[in-house]
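The next block is upload-v6.txt, given as compact mmCIF, C-alpha atoms and all ligand atoms.
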# COMPACT_ATOMS: atom_id res chain seq x y z
CA MET A 1 -3.17 -32.93 -44.85
CA GLU A 2 -5.40 -29.93 -45.47
CA ASN A 3 -6.63 -26.79 -43.77
CA VAL A 4 -10.21 -26.91 -42.56
CA THR A 5 -12.75 -25.29 -44.88
CA ARG A 6 -14.98 -23.06 -42.78
CA ALA A 7 -18.69 -23.78 -42.76
CA LYS A 8 -20.62 -21.14 -44.72
CA ILE A 9 -21.95 -19.28 -41.69
CA TRP A 10 -18.42 -18.43 -40.59
CA ALA A 11 -17.02 -17.69 -44.06
CA ASN A 12 -16.86 -13.94 -43.41
CA VAL A 13 -15.55 -14.02 -39.88
CA PRO A 14 -12.29 -12.02 -39.86
CA GLU A 15 -9.17 -14.18 -39.70
CA LYS A 16 -8.20 -12.50 -36.42
CA ASP A 17 -11.44 -13.66 -34.73
CA TRP A 18 -11.41 -17.12 -36.28
CA ASN A 19 -7.89 -17.72 -34.95
CA ASP A 20 -8.75 -16.41 -31.50
CA TRP A 21 -9.57 -19.28 -29.14
CA HIS A 22 -11.77 -17.03 -26.99
CA TRP A 23 -13.88 -16.26 -30.06
CA GLN A 24 -14.09 -19.97 -30.84
CA ILE A 25 -15.29 -20.77 -27.30
CA ARG A 26 -17.80 -17.89 -27.29
CA ASN A 27 -19.23 -19.10 -30.59
CA ARG A 28 -19.57 -22.78 -29.78
CA VAL A 29 -22.61 -24.46 -31.29
CA THR A 30 -24.85 -25.35 -28.37
CA ASN A 31 -28.39 -25.69 -29.74
CA VAL A 32 -30.37 -27.18 -32.61
CA LYS A 33 -31.04 -23.83 -34.24
CA GLN A 34 -27.34 -23.08 -34.64
CA LEU A 35 -26.68 -26.63 -35.78
CA GLU A 36 -29.22 -26.29 -38.59
CA ASP A 37 -27.04 -23.62 -40.18
CA ILE A 38 -24.17 -26.06 -40.47
CA ILE A 39 -25.51 -29.54 -41.27
CA LYS A 40 -28.66 -30.90 -42.85
CA LEU A 41 -31.18 -32.00 -40.25
CA SER A 42 -34.57 -33.62 -40.78
CA ARG A 43 -37.49 -32.70 -38.53
CA GLN A 44 -37.00 -36.01 -36.74
CA ASP A 45 -33.28 -35.32 -36.26
CA LYS A 46 -34.12 -31.98 -34.66
CA THR A 47 -36.66 -33.51 -32.28
CA GLU A 48 -34.27 -36.27 -31.29
CA ILE A 49 -31.32 -33.94 -30.74
CA ALA A 50 -33.48 -31.63 -28.62
CA ARG A 51 -34.58 -34.63 -26.55
CA CYS A 52 -30.97 -35.62 -26.00
CA LEU A 53 -30.01 -32.07 -25.06
CA SER A 54 -32.43 -32.18 -22.16
CA LYS A 55 -30.10 -34.83 -20.72
CA PHE A 56 -26.62 -34.02 -21.99
CA LYS A 57 -24.95 -30.81 -23.14
CA MET A 58 -23.70 -30.10 -26.63
CA ALA A 59 -20.91 -27.68 -27.52
CA ILE A 60 -18.96 -27.75 -30.75
CA SER A 61 -16.27 -25.23 -31.64
CA PRO A 62 -16.78 -23.53 -35.02
CA TYR A 63 -13.44 -25.03 -36.12
CA TYR A 64 -14.48 -28.62 -35.31
CA ALA A 65 -18.02 -28.06 -36.63
CA SER A 66 -16.49 -26.99 -39.95
CA LEU A 67 -14.88 -30.42 -40.23
CA MET A 68 -18.29 -32.11 -40.30
CA ASP A 69 -19.78 -33.44 -43.49
CA LYS A 70 -22.98 -31.45 -44.08
CA SER A 71 -25.15 -34.36 -45.16
CA ASP A 72 -23.49 -37.58 -43.98
CA LYS A 73 -24.84 -38.71 -40.61
CA LYS A 74 -22.02 -41.24 -40.44
CA CYS A 75 -19.34 -38.58 -40.73
CA PRO A 76 -16.83 -39.49 -37.97
CA VAL A 77 -16.56 -35.88 -36.81
CA ARG A 78 -20.33 -35.49 -36.67
CA MET A 79 -20.72 -38.78 -34.80
CA GLN A 80 -18.36 -37.51 -32.11
CA SER A 81 -19.99 -34.13 -31.71
CA VAL A 82 -23.72 -34.18 -32.61
CA PRO A 83 -26.07 -35.92 -30.16
CA THR A 84 -28.35 -38.73 -31.29
CA ILE A 85 -31.39 -40.38 -29.78
CA PHE A 86 -29.23 -43.37 -28.79
CA GLU A 87 -27.78 -41.31 -25.96
CA THR A 88 -31.16 -41.18 -24.26
CA ARG A 89 -31.12 -44.96 -23.86
CA THR A 90 -29.58 -46.52 -20.80
CA ALA A 91 -28.30 -50.06 -21.31
CA ASP A 92 -28.47 -52.63 -18.50
CA SER A 93 -24.70 -52.53 -18.13
CA ASP A 94 -24.41 -48.72 -18.10
CA MET A 95 -23.08 -47.08 -14.95
CA HIS A 96 -23.12 -43.54 -13.62
CA ASP A 97 -19.44 -43.65 -12.65
CA PRO A 98 -18.02 -46.81 -14.24
CA LEU A 99 -14.42 -46.11 -13.24
CA HIS A 100 -15.31 -45.25 -9.62
CA GLU A 101 -13.62 -41.88 -10.00
CA ASP A 102 -15.91 -40.39 -7.36
CA THR A 103 -15.36 -43.32 -4.97
CA ASP A 104 -11.57 -43.00 -5.26
CA SER A 105 -11.70 -39.27 -4.63
CA PRO A 106 -10.11 -38.22 -1.32
CA VAL A 107 -10.92 -34.57 -2.05
CA TYR A 108 -13.28 -33.07 -4.64
CA GLY A 109 -11.24 -32.56 -7.83
CA ILE A 110 -8.84 -35.47 -7.30
CA THR A 111 -9.06 -39.15 -8.13
CA HIS A 112 -6.28 -41.14 -6.50
CA ARG A 113 -6.28 -44.76 -7.64
CA TYR A 114 -2.77 -45.91 -8.42
CA PRO A 115 -0.15 -45.71 -5.68
CA ASP A 116 2.17 -43.10 -7.18
CA ARG A 117 -0.03 -40.91 -9.40
CA LEU A 118 -3.37 -39.18 -9.50
CA ILE A 119 -5.64 -37.14 -11.71
CA PHE A 120 -6.54 -33.57 -10.87
CA MET A 121 -9.83 -32.52 -12.50
CA ILE A 122 -9.52 -28.80 -12.52
CA THR A 123 -12.57 -27.85 -14.61
CA ASP A 124 -15.68 -29.42 -16.08
CA GLN A 125 -15.58 -27.23 -19.16
CA CYS A 126 -14.52 -28.47 -22.60
CA SER A 127 -14.42 -26.62 -25.89
CA MET A 128 -16.33 -29.57 -27.39
CA TYR A 129 -18.45 -32.10 -25.57
CA CYS A 130 -17.58 -35.47 -27.07
CA ARG A 131 -20.61 -37.70 -27.44
CA HIS A 132 -18.60 -40.68 -26.18
CA CYS A 133 -17.16 -38.92 -23.11
CA THR A 134 -16.60 -41.30 -20.22
CA ARG A 135 -16.87 -38.43 -17.72
CA ARG A 136 -20.22 -37.20 -19.05
CA ARG A 137 -21.70 -37.40 -15.57
CA THR A 138 -19.63 -34.33 -14.67
CA VAL A 139 -18.36 -32.52 -17.77
CA GLY A 140 -20.29 -29.47 -18.83
CA ILE A 141 -22.46 -29.43 -15.70
CA THR A 142 -21.21 -26.02 -14.57
CA ASP A 143 -19.13 -25.27 -17.70
CA LYS A 144 -16.46 -23.67 -15.52
CA ARG A 145 -13.39 -24.42 -13.45
CA ILE A 146 -13.35 -25.41 -9.79
CA SER A 147 -12.91 -22.62 -7.26
CA ASP A 148 -9.54 -21.28 -6.08
CA ALA A 149 -10.29 -22.58 -2.60
CA GLN A 150 -10.95 -26.07 -3.97
CA ILE A 151 -7.79 -25.94 -6.11
CA ASP A 152 -5.83 -25.19 -2.95
CA LYS A 153 -7.40 -28.16 -1.15
CA CYS A 154 -6.30 -30.41 -4.01
CA ILE A 155 -2.79 -28.97 -3.95
CA GLU A 156 -2.68 -29.59 -0.18
CA TYR A 157 -3.62 -33.25 -0.74
CA ILE A 158 -0.82 -33.66 -3.30
CA LYS A 159 1.60 -31.95 -0.94
CA LYS A 160 0.85 -34.20 2.01
CA THR A 161 0.70 -37.41 -0.05
CA LYS A 162 4.40 -37.96 -0.49
CA VAL A 163 4.15 -41.05 -2.73
CA ILE A 164 2.73 -38.97 -5.61
CA ARG A 165 5.33 -38.56 -8.32
CA ASP A 166 3.03 -38.00 -11.33
CA VAL A 167 0.12 -35.54 -11.51
CA VAL A 168 -2.24 -35.59 -14.48
CA ILE A 169 -4.12 -32.31 -14.85
CA THR A 170 -7.37 -33.01 -16.63
CA GLY A 171 -11.07 -32.14 -16.59
CA GLY A 172 -13.02 -31.28 -18.66
CA ASP A 173 -10.25 -29.70 -20.59
CA PRO A 174 -7.66 -27.82 -18.52
CA LEU A 175 -6.68 -25.70 -21.51
CA THR A 176 -10.03 -23.92 -21.29
CA LEU A 177 -8.40 -22.05 -18.38
CA GLU A 178 -6.65 -18.78 -19.08
CA ASP A 179 -2.86 -19.09 -19.29
CA SER A 180 -2.32 -17.15 -16.07
CA VAL A 181 -4.76 -19.30 -14.06
CA LEU A 182 -3.33 -22.52 -15.45
CA GLU A 183 0.20 -21.34 -14.73
CA GLY A 184 -0.76 -20.54 -11.15
CA VAL A 185 -1.84 -24.15 -10.64
CA ILE A 186 1.10 -25.74 -12.46
CA LYS A 187 3.54 -23.57 -10.55
CA LYS A 188 2.13 -24.79 -7.23
CA ILE A 189 2.37 -28.42 -8.33
CA ARG A 190 5.91 -27.98 -9.62
CA ALA A 191 6.93 -26.51 -6.26
CA ILE A 192 6.06 -29.82 -4.55
CA LYS A 193 9.37 -31.69 -4.20
CA HIS A 194 8.06 -35.25 -4.60
CA VAL A 195 6.17 -34.53 -7.85
CA GLU A 196 8.48 -35.65 -10.63
CA ILE A 197 6.33 -35.23 -13.74
CA ILE A 198 3.25 -33.24 -14.70
CA ARG A 199 0.91 -34.34 -17.47
CA ILE A 200 -1.91 -32.39 -19.09
CA GLY A 201 -4.82 -34.19 -20.77
CA THR A 202 -6.41 -32.03 -23.47
CA ARG A 203 -8.41 -32.34 -26.67
CA MET A 204 -7.63 -28.78 -27.77
CA PRO A 205 -5.14 -29.61 -30.56
CA VAL A 206 -7.93 -31.73 -32.11
CA VAL A 207 -11.06 -29.67 -31.57
CA LEU A 208 -9.75 -26.13 -31.13
CA PRO A 209 -6.11 -25.95 -32.28
CA MET A 210 -6.14 -22.14 -32.02
CA ARG A 211 -5.84 -22.61 -28.26
CA ILE A 212 -2.26 -23.83 -28.66
CA THR A 213 -0.48 -20.51 -28.90
CA LYS A 214 3.26 -19.95 -28.73
CA LYS A 215 2.68 -18.04 -25.50
CA LEU A 216 0.93 -21.03 -23.91
CA ALA A 217 3.64 -23.48 -25.03
CA ASN A 218 6.35 -21.15 -23.78
CA MET A 219 4.67 -20.96 -20.39
CA LEU A 220 4.29 -24.76 -20.17
CA GLN A 221 7.93 -25.49 -20.98
CA LYS A 222 9.01 -23.63 -17.85
CA TYR A 223 7.62 -26.51 -15.81
CA HIS A 224 9.38 -29.46 -17.43
CA PRO A 225 9.28 -32.40 -17.28
CA LEU A 226 5.77 -31.80 -18.58
CA TRP A 227 3.92 -34.10 -20.98
CA VAL A 228 0.72 -33.60 -22.94
CA ASN A 229 -1.82 -36.31 -23.77
CA VAL A 230 -4.09 -35.57 -26.72
CA HIS A 231 -7.16 -37.35 -28.08
CA PHE A 232 -7.35 -37.92 -31.85
CA ASN A 233 -9.81 -40.60 -32.98
CA HIS A 234 -9.92 -40.32 -36.75
CA PRO A 235 -7.54 -39.29 -39.56
CA HIS A 236 -9.95 -36.51 -40.61
CA GLU A 237 -8.99 -34.73 -37.41
CA VAL A 238 -5.35 -34.52 -38.42
CA THR A 239 -5.57 -31.21 -40.28
CA LYS A 240 -2.89 -28.61 -40.96
CA GLU A 241 -4.18 -26.59 -38.00
CA ALA A 242 -3.99 -29.60 -35.68
CA ALA A 243 -0.50 -30.41 -36.97
CA GLU A 244 0.66 -26.84 -36.30
CA ALA A 245 -0.79 -26.94 -32.76
CA CYS A 246 1.16 -30.14 -32.05
CA ASN A 247 4.25 -28.64 -33.63
CA ILE A 248 4.10 -25.60 -31.34
CA LEU A 249 4.09 -27.90 -28.31
CA SER A 250 6.78 -30.24 -29.67
CA ARG A 251 9.08 -27.32 -30.42
CA GLU A 252 9.01 -26.48 -26.72
CA GLY A 253 10.17 -30.02 -25.91
CA ILE A 254 6.75 -31.24 -24.76
CA PRO A 255 6.27 -34.94 -25.63
CA LEU A 256 2.84 -35.69 -27.10
CA ASN A 257 0.98 -38.96 -26.62
CA ASN A 258 -2.38 -39.85 -28.10
CA GLN A 259 -5.24 -41.59 -26.31
CA SER A 260 -7.88 -42.78 -28.78
CA VAL A 261 -11.20 -44.35 -27.88
CA LEU A 262 -12.35 -47.27 -29.99
CA LEU A 263 -15.71 -46.12 -31.36
CA LYS A 264 -18.15 -48.09 -33.47
CA GLY A 265 -18.61 -46.43 -36.84
CA VAL A 266 -15.81 -43.94 -36.20
CA ASN A 267 -12.52 -45.83 -36.07
CA ASP A 268 -13.34 -49.55 -35.69
CA CYS A 269 -11.69 -50.35 -39.01
CA PRO A 270 -8.10 -51.59 -39.34
CA HIS A 271 -7.45 -49.35 -42.35
CA ILE A 272 -8.75 -46.21 -40.63
CA MET A 273 -6.82 -47.02 -37.46
CA LYS A 274 -3.63 -47.61 -39.42
CA ARG A 275 -4.05 -44.33 -41.28
CA LEU A 276 -4.64 -42.54 -37.99
CA VAL A 277 -1.54 -43.89 -36.24
CA HIS A 278 0.61 -43.13 -39.29
CA ASP A 279 -0.75 -39.58 -39.52
CA LEU A 280 -0.06 -39.10 -35.82
CA LEU A 281 3.57 -40.13 -36.15
CA MET A 282 3.92 -37.66 -39.02
CA ILE A 283 2.97 -34.85 -36.62
CA ARG A 284 5.19 -36.25 -33.86
CA VAL A 285 2.40 -37.62 -31.70
CA ARG A 286 2.99 -41.10 -30.28
CA PRO A 287 -0.05 -43.45 -30.33
CA TYR A 288 -0.18 -44.35 -26.64
CA TYR A 289 -3.50 -45.95 -25.66
CA LEU A 290 -6.49 -47.27 -27.54
CA TYR A 291 -9.30 -47.43 -24.99
CA GLN A 292 -12.18 -49.85 -25.07
CA CYS A 293 -15.26 -47.62 -24.73
CA ASP A 294 -16.37 -47.37 -21.09
CA LEU A 295 -19.75 -48.32 -19.62
CA SER A 296 -20.89 -44.73 -19.10
CA ILE A 297 -24.57 -43.93 -19.48
CA GLY A 298 -25.94 -43.49 -23.00
CA ILE A 299 -22.90 -44.47 -25.03
CA GLU A 300 -23.51 -48.17 -25.62
CA HIS A 301 -24.05 -47.50 -29.33
CA PHE A 302 -20.38 -46.54 -29.55
CA ARG A 303 -19.15 -49.76 -27.97
CA THR A 304 -17.55 -52.45 -30.13
CA SER A 305 -16.79 -55.99 -29.01
CA ILE A 306 -13.43 -56.48 -27.28
CA GLY A 307 -12.67 -58.82 -30.20
CA LYS A 308 -12.73 -55.84 -32.57
CA GLY A 309 -10.00 -54.13 -30.57
CA ILE A 310 -7.91 -57.32 -30.52
CA GLU A 311 -8.35 -57.57 -34.29
CA LEU A 312 -7.12 -54.00 -34.74
CA MET A 313 -4.05 -54.77 -32.62
CA GLU A 314 -3.45 -57.95 -34.61
CA ARG A 315 -3.54 -55.91 -37.79
CA LEU A 316 -1.14 -53.25 -36.56
CA ARG A 317 1.59 -55.22 -34.79
CA GLY A 318 4.13 -56.36 -37.39
CA TYR A 319 2.38 -54.56 -40.21
CA THR A 320 3.69 -51.17 -39.12
CA SER A 321 6.40 -49.62 -36.93
CA GLY A 322 6.21 -50.66 -33.29
CA LEU A 323 6.16 -46.95 -32.49
CA ALA A 324 2.79 -46.70 -34.22
CA VAL A 325 1.12 -49.42 -32.14
CA PRO A 326 -0.87 -48.17 -29.12
CA THR A 327 -1.65 -50.35 -26.11
CA PHE A 328 -5.25 -51.54 -26.22
CA VAL A 329 -6.77 -51.25 -22.73
CA ILE A 330 -10.01 -51.63 -20.84
CA ASP A 331 -10.38 -49.31 -17.92
CA ALA A 332 -11.72 -51.94 -15.55
CA PRO A 333 -15.13 -51.15 -14.01
CA SER A 334 -15.16 -50.45 -10.26
CA GLY A 335 -11.87 -48.57 -10.41
CA GLY A 336 -9.72 -51.52 -11.43
CA GLY A 337 -7.55 -49.29 -13.60
CA LYS A 338 -6.20 -49.97 -17.07
CA VAL A 339 -5.93 -53.59 -18.09
CA PRO A 340 -3.97 -54.20 -21.32
CA LEU A 341 -5.36 -56.64 -23.86
CA MET A 342 -3.58 -58.07 -26.87
CA PRO A 343 -3.60 -61.01 -29.22
CA GLU A 344 -1.90 -64.19 -27.95
CA TYR A 345 1.63 -64.42 -29.27
CA MET A 346 2.89 -67.15 -26.93
CA ILE A 347 1.59 -70.52 -28.10
CA SER A 348 3.13 -72.75 -25.47
CA ARG A 349 6.03 -73.15 -23.05
CA SER A 350 8.11 -75.65 -21.19
CA ASP A 351 10.84 -75.01 -18.62
CA LYS A 352 13.34 -74.83 -21.51
CA LYS A 353 11.49 -73.31 -24.45
CA ILE A 354 8.85 -70.76 -25.28
CA ILE A 355 6.90 -71.27 -28.49
CA ILE A 356 5.87 -68.01 -30.09
CA ARG A 357 4.25 -66.92 -33.29
CA ASN A 358 4.65 -63.69 -35.21
CA TYR A 359 2.13 -61.59 -37.15
CA GLU A 360 2.63 -63.70 -40.32
CA GLY A 361 1.97 -66.98 -38.53
CA LEU A 362 5.62 -68.03 -38.34
CA ILE A 363 6.06 -70.27 -35.32
CA ALA A 364 9.40 -70.27 -33.54
CA ALA A 365 11.02 -71.67 -30.38
CA TYR A 366 12.91 -69.34 -28.08
CA THR A 367 15.32 -71.15 -25.77
CA GLU A 368 15.41 -70.04 -22.14
CA PRO A 369 18.90 -69.43 -20.66
CA GLU A 370 20.48 -72.52 -19.06
CA LYS A 371 20.94 -70.63 -15.83
CA GLY A 372 17.64 -68.86 -15.67
CA GLU A 373 17.63 -67.85 -12.03
CA SER A 374 17.37 -64.18 -11.16
CA SER A 375 20.53 -62.22 -10.44
CA CYS A 376 18.64 -59.97 -8.00
CA LYS A 377 20.71 -59.45 -4.85
CA LYS A 378 17.74 -58.19 -2.84
CA CYS A 379 19.46 -54.91 -2.12
CA HIS A 380 17.94 -52.01 -0.16
CA LEU A 381 15.78 -50.98 -3.16
CA CYS A 382 13.47 -53.98 -2.63
CA ASP A 383 12.69 -53.23 0.97
CA ASN A 384 12.90 -49.47 1.10
CA VAL A 385 12.61 -47.56 -2.15
CA PHE A 386 10.01 -49.73 -3.85
CA LYS A 387 8.20 -51.05 -0.82
CA GLU A 388 4.93 -49.40 -1.91
CA ASP A 389 4.98 -51.66 -4.99
CA ASN A 390 4.64 -54.69 -2.77
CA ILE A 391 0.94 -55.13 -3.35
CA GLY A 392 -1.04 -57.39 -5.67
CA ILE A 393 0.95 -59.54 -8.07
CA ALA A 394 4.19 -57.70 -7.21
CA LYS A 395 3.82 -59.04 -3.68
CA LEU A 396 3.97 -62.59 -5.02
CA PHE A 397 7.06 -61.81 -7.10
CA SER A 398 8.80 -60.24 -4.14
CA GLY A 399 8.26 -63.34 -2.03
CA LYS A 400 6.29 -61.35 0.56
CA ALA A 401 3.28 -63.61 -0.07
CA VAL A 402 2.64 -66.98 -1.67
CA SER A 403 -1.00 -66.39 -2.57
CA LEU A 404 -3.66 -63.72 -2.93
CA ARG A 405 -7.27 -64.36 -2.11
CA PRO A 406 -10.37 -62.27 -2.78
CA MET A 407 -11.83 -60.51 0.27
CA ASP A 408 -14.89 -62.73 0.25
CA SER A 409 -12.91 -65.96 0.20
CA LYS A 410 -14.13 -68.09 3.11
CA ARG A 411 -10.56 -69.21 3.80
CA GLY A 412 -9.05 -65.72 3.84
CA HIS A 413 -7.89 -63.62 6.74
CA GLU A 414 -7.73 -59.89 6.51
CA ILE A 415 -4.48 -57.99 6.01
CA SER A 416 -4.91 -54.28 6.47
CA GLY A 417 -3.91 -51.87 3.74
CA THR A 418 -4.51 -54.28 0.88
CA LYS A 419 -7.62 -55.39 -0.94
CA PHE A 420 -6.36 -58.97 -0.97
CA HIS A 421 -5.71 -61.60 1.65
CA ALA A 422 -2.23 -63.00 1.61
S1 LIG A 501 -12.63 -33.36 -24.34
FE1 LIG A 501 -12.35 -35.12 -22.99
S2 LIG A 501 -13.43 -34.56 -21.08
FE2 LIG A 501 -14.12 -33.15 -22.68
S3 LIG A 501 -15.96 -34.11 -23.48
FE3 LIG A 501 -14.27 -34.78 -24.77
S4 LIG A 501 -13.64 -36.74 -23.88
FE4 LIG A 501 -14.88 -35.67 -22.33

Take the structure from the file and write it as structure tokens.
Amino acid sequence: MENVTRAKIWANVPEKDWNDWHWQIRNRVTNVKQLEDIIKLSRQDKTEIARCLSKFKMAISPYYASLMDKSDKKCPVRMQSVPTIFETRTADSDMHDPLHEDTDSPVYGITHRYPDRLIFMITDQCSMYCRHCTRRRTVGITDKRISDAQIDKCIEYIKKTKVIRDVVITGGDPLTLEDSVLEGVIKKIRAIKHVEIIRIGTRMPVVLPMRITKKLANMLQKYHPLWVNVHFNHPHEVTKEAAEACNILSREGIPLNNQSVLLKGVNDCPHIMKRLVHDLLMIRVRPYYLYQCDLSIGIEHFRTSIGKGIELMERLRGYTSGLAVPTFVIDAPSGGGKVPLMPEYMISRSDKKIIIRNYEGLIAAYTEPEKGESSCKKCHLCDNVFKEDNIGIAKLFSGKAVSLRPMDSKRGHEISGTKFHA
């Protein structure tokens, strides 16, 4: 693990400025002219980048820009941060809002999809605009946070929606907010009795580790239980600076989970992925999700086949610690939420035995218990505490329904409050 070597143009910037996150944000690389001072660009590259910039924003922190290889167009850091002409192409399957975040938004700033949790998009600003961003329809549009009045409307929604126990503060990148502003929001959320945990989604430890100051971490720990999700995609991003940023958060008892995106040419290689997950564990970051790339506009060139993701999972499970293996998911189009995908490990089953195979190809029989019936006593938890779970498949398990039918099934009859007929 090494420190980043500054690109030449920033070689003489005083240490104090370089390590100041405000300086890093002020000096983000946002146009072709600045980019030319950092990496080699042909005339065609420049024209193509400029064309892309008329559609999507670019911003790269000097720290992250310094990680780029000057001449290699396939550098994984460059691929994630420098626009290409491919982004100007819209594939047939591309969608403006593939995850229906706007549709599932009861109030501007909030997406409420799952019963007990929601995401709170507090800003559209990021320190670096990732080329593969799923939320590119909104990020960077105003390059600032939502208004105080709008924040209060979102807080009101959380307050009155009593089933919410988990709030994910995201954006954009919420750590672009000043500590005091961020604390004001977190404090209000923490004051809501039914909110059990708060999560923050940020890419700062990866693209601008100077943002993770001891002061910030100390402020965050006052609002425990508080978790932070980060976004490392390639082992080159795991530098000494990034490790120290994660360490500052971990020392304040903040658990760190990583959400990678599977990106063609960046991390779609079993060896690179294995190196990444190992490096993450070394800096106390748990590999959490590996996302199949979404169907957002202009990022089809980053998409791999689903089979590639399954292969990566196949080549992690068993070959490394279970702790290092993320869950591979597709965020289902139309707001279906995360759907986990994995290789098949169960080969067959009868009422007595399950036939399974392991990563080496060993095939074994697991015998079911002779008395396999459930010991559930159907206590008050089923009907009262967890009654909101009685939708979808859980409804079948609970015995509250014997079948689910799509809305457009000719034989169905409508049940209010559920998207299925029962
Ligand atoms: S940091 Fe996150 S929200 Fe911001 S551009 Fe990157 S992926 Fe999108």

Inset, instruction - Output the neighbourhood of ligand LIG 501 (chain A) as a list of chain:residue names, that is, all protein and nucleic acid residues with some atom at most 8 Å from the ligand, counting only C-alpha atoms and all ligand atoms. - result: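 Listed by chain and ascending number, the contacts are A:Asp124, A:Gln125, A:Cys126, A:Ser127, A:Met128, A:Tyr129, A:Cys130, A:Arg131, A:His132, A:Cys133, A:Thr134, A:Arg135, A:Arg136, A:Val139, A:Gly140, A:Thr170, A:Gly171, A:Gly172, A:Asp173, A:Gly201, A:Thr202, A:Arg203, A:Met204, A:His231.
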
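All residues of protein, DNA or RNA that reach within 9 Å of stretch 264-271 of chain A, judged by all atoms listed in the file and not counting those fewer than 5 positions away in the chain, are Lys74, Cys75, Pro76, Val77, Met79, Gln80, Asn233, His234, Pro235, Leu276, His301, Phe302, Arg303, Thr304, Lys308, Gly309, Glu311, Leu312, Met313, Arg315 and Leu316 of chain A.
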
Inset, instruction - Enter the distance from atom CA of A:Gly399 to atom CA of A:Cys379, in Å, rounded to one decimal. - result: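 Between atom CA of A:Gly399 and atom CA of A:Cys379 the gap is 14.0 Å.
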
Got a sec to check which residues sit within 9 Å of (-12.4, -19.7, -32.8), counting all atoms listed in the file, and write them as an mmCIF file with C-alpha atoms, in the frame of the given file?
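Saved the output as result.cif:
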data_model
loop_
_atom_site.group_PDB
_atom_site.id
_atom_site.type_symbol
_atom_site.label_atom_id
_atom_site.label_comp_id
_atom_site.auth_asym_id
_atom_site.auth_seq_id
_atom_site.Cartn_x
_atom_site.Cartn_y
_atom_site.Cartn_z
ATOM 1 C CA ASP A 17 -11.440 -13.660 -34.730
ATOM 2 C CA TRP A 18 -11.410 -17.120 -36.280
ATOM 3 C CA ASN A 19 -7.890 -17.720 -34.950
ATOM 4 C CA ASP A 20 -8.750 -16.410 -31.500
ATOM 5 C CA TRP A 21 -9.570 -19.280 -29.140
ATOM 6 C CA HIS A 22 -11.770 -17.030 -26.990
ATOM 7 C CA TRP A 23 -13.880 -16.260 -30.060
ATOM 8 C CA GLN A 24 -14.090 -19.970 -30.840
ATOM 9 C CA ILE A 25 -15.290 -20.770 -27.300
ATOM 10 C CA ARG A 26 -17.800 -17.890 -27.290
ATOM 11 C CA ASN A 27 -19.230 -19.100 -30.590
ATOM 12 C CA ARG A 28 -19.570 -22.780 -29.780
ATOM 13 C CA SER A 61 -16.270 -25.230 -31.640
ATOM 14 C CA PRO A 62 -16.780 -23.530 -35.020
ATOM 15 C CA TYR A 63 -13.440 -25.030 -36.120
ATOM 16 C CA LEU A 208 -9.750 -26.130 -31.130
ATOM 17 C CA PRO A 209 -6.110 -25.950 -32.280
ATOM 18 C CA MET A 210 -6.140 -22.140 -32.020
ATOM 19 C CA ARG A 211 -5.840 -22.610 -28.260
#

Legend entry - Polymer residues at most 10 Å from A:Pro205, all atoms listed in the file, same-chain spacing of 4 or more positions, as a list of chain:residue names: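 Selected residues are A:Leu175, A:Pro209, A:Met210, A:Arg211, A:Ile212, A:Val230, A:His231, A:Phe232, A:Glu237, A:Val238, A:Thr239, A:Glu241, A:Ala242, A:Ala243, A:Glu244, A:Ala245, A:Cys246, A:Asn247, A:Leu249.
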
Legend entry - Coordinates-based distance that separates atom CA of A:Met68 from atom CA of A:Thr47 (Å, one decimal): 20.1 Å

Inset, instruction - Give the answer as one residue: which of A:Thr88, A:Thr176, A:Ser305, A:Thr161 has the shortest atom-to-atom distance to A:Ala50, using only C-alpha atoms? - result: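 Of all the options, A:Thr88 lies closest to A:Ala50.
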
Centre and edges of the stretch 285-295 of chain A box, axis-aligned, 8 Å extra per side, as AutoDock Vina command-line options:
--center_x -8.4 --center_y -43.7 --center_z -25.7 --size_x 38.7 --size_y 28.2 --size_z 28.1
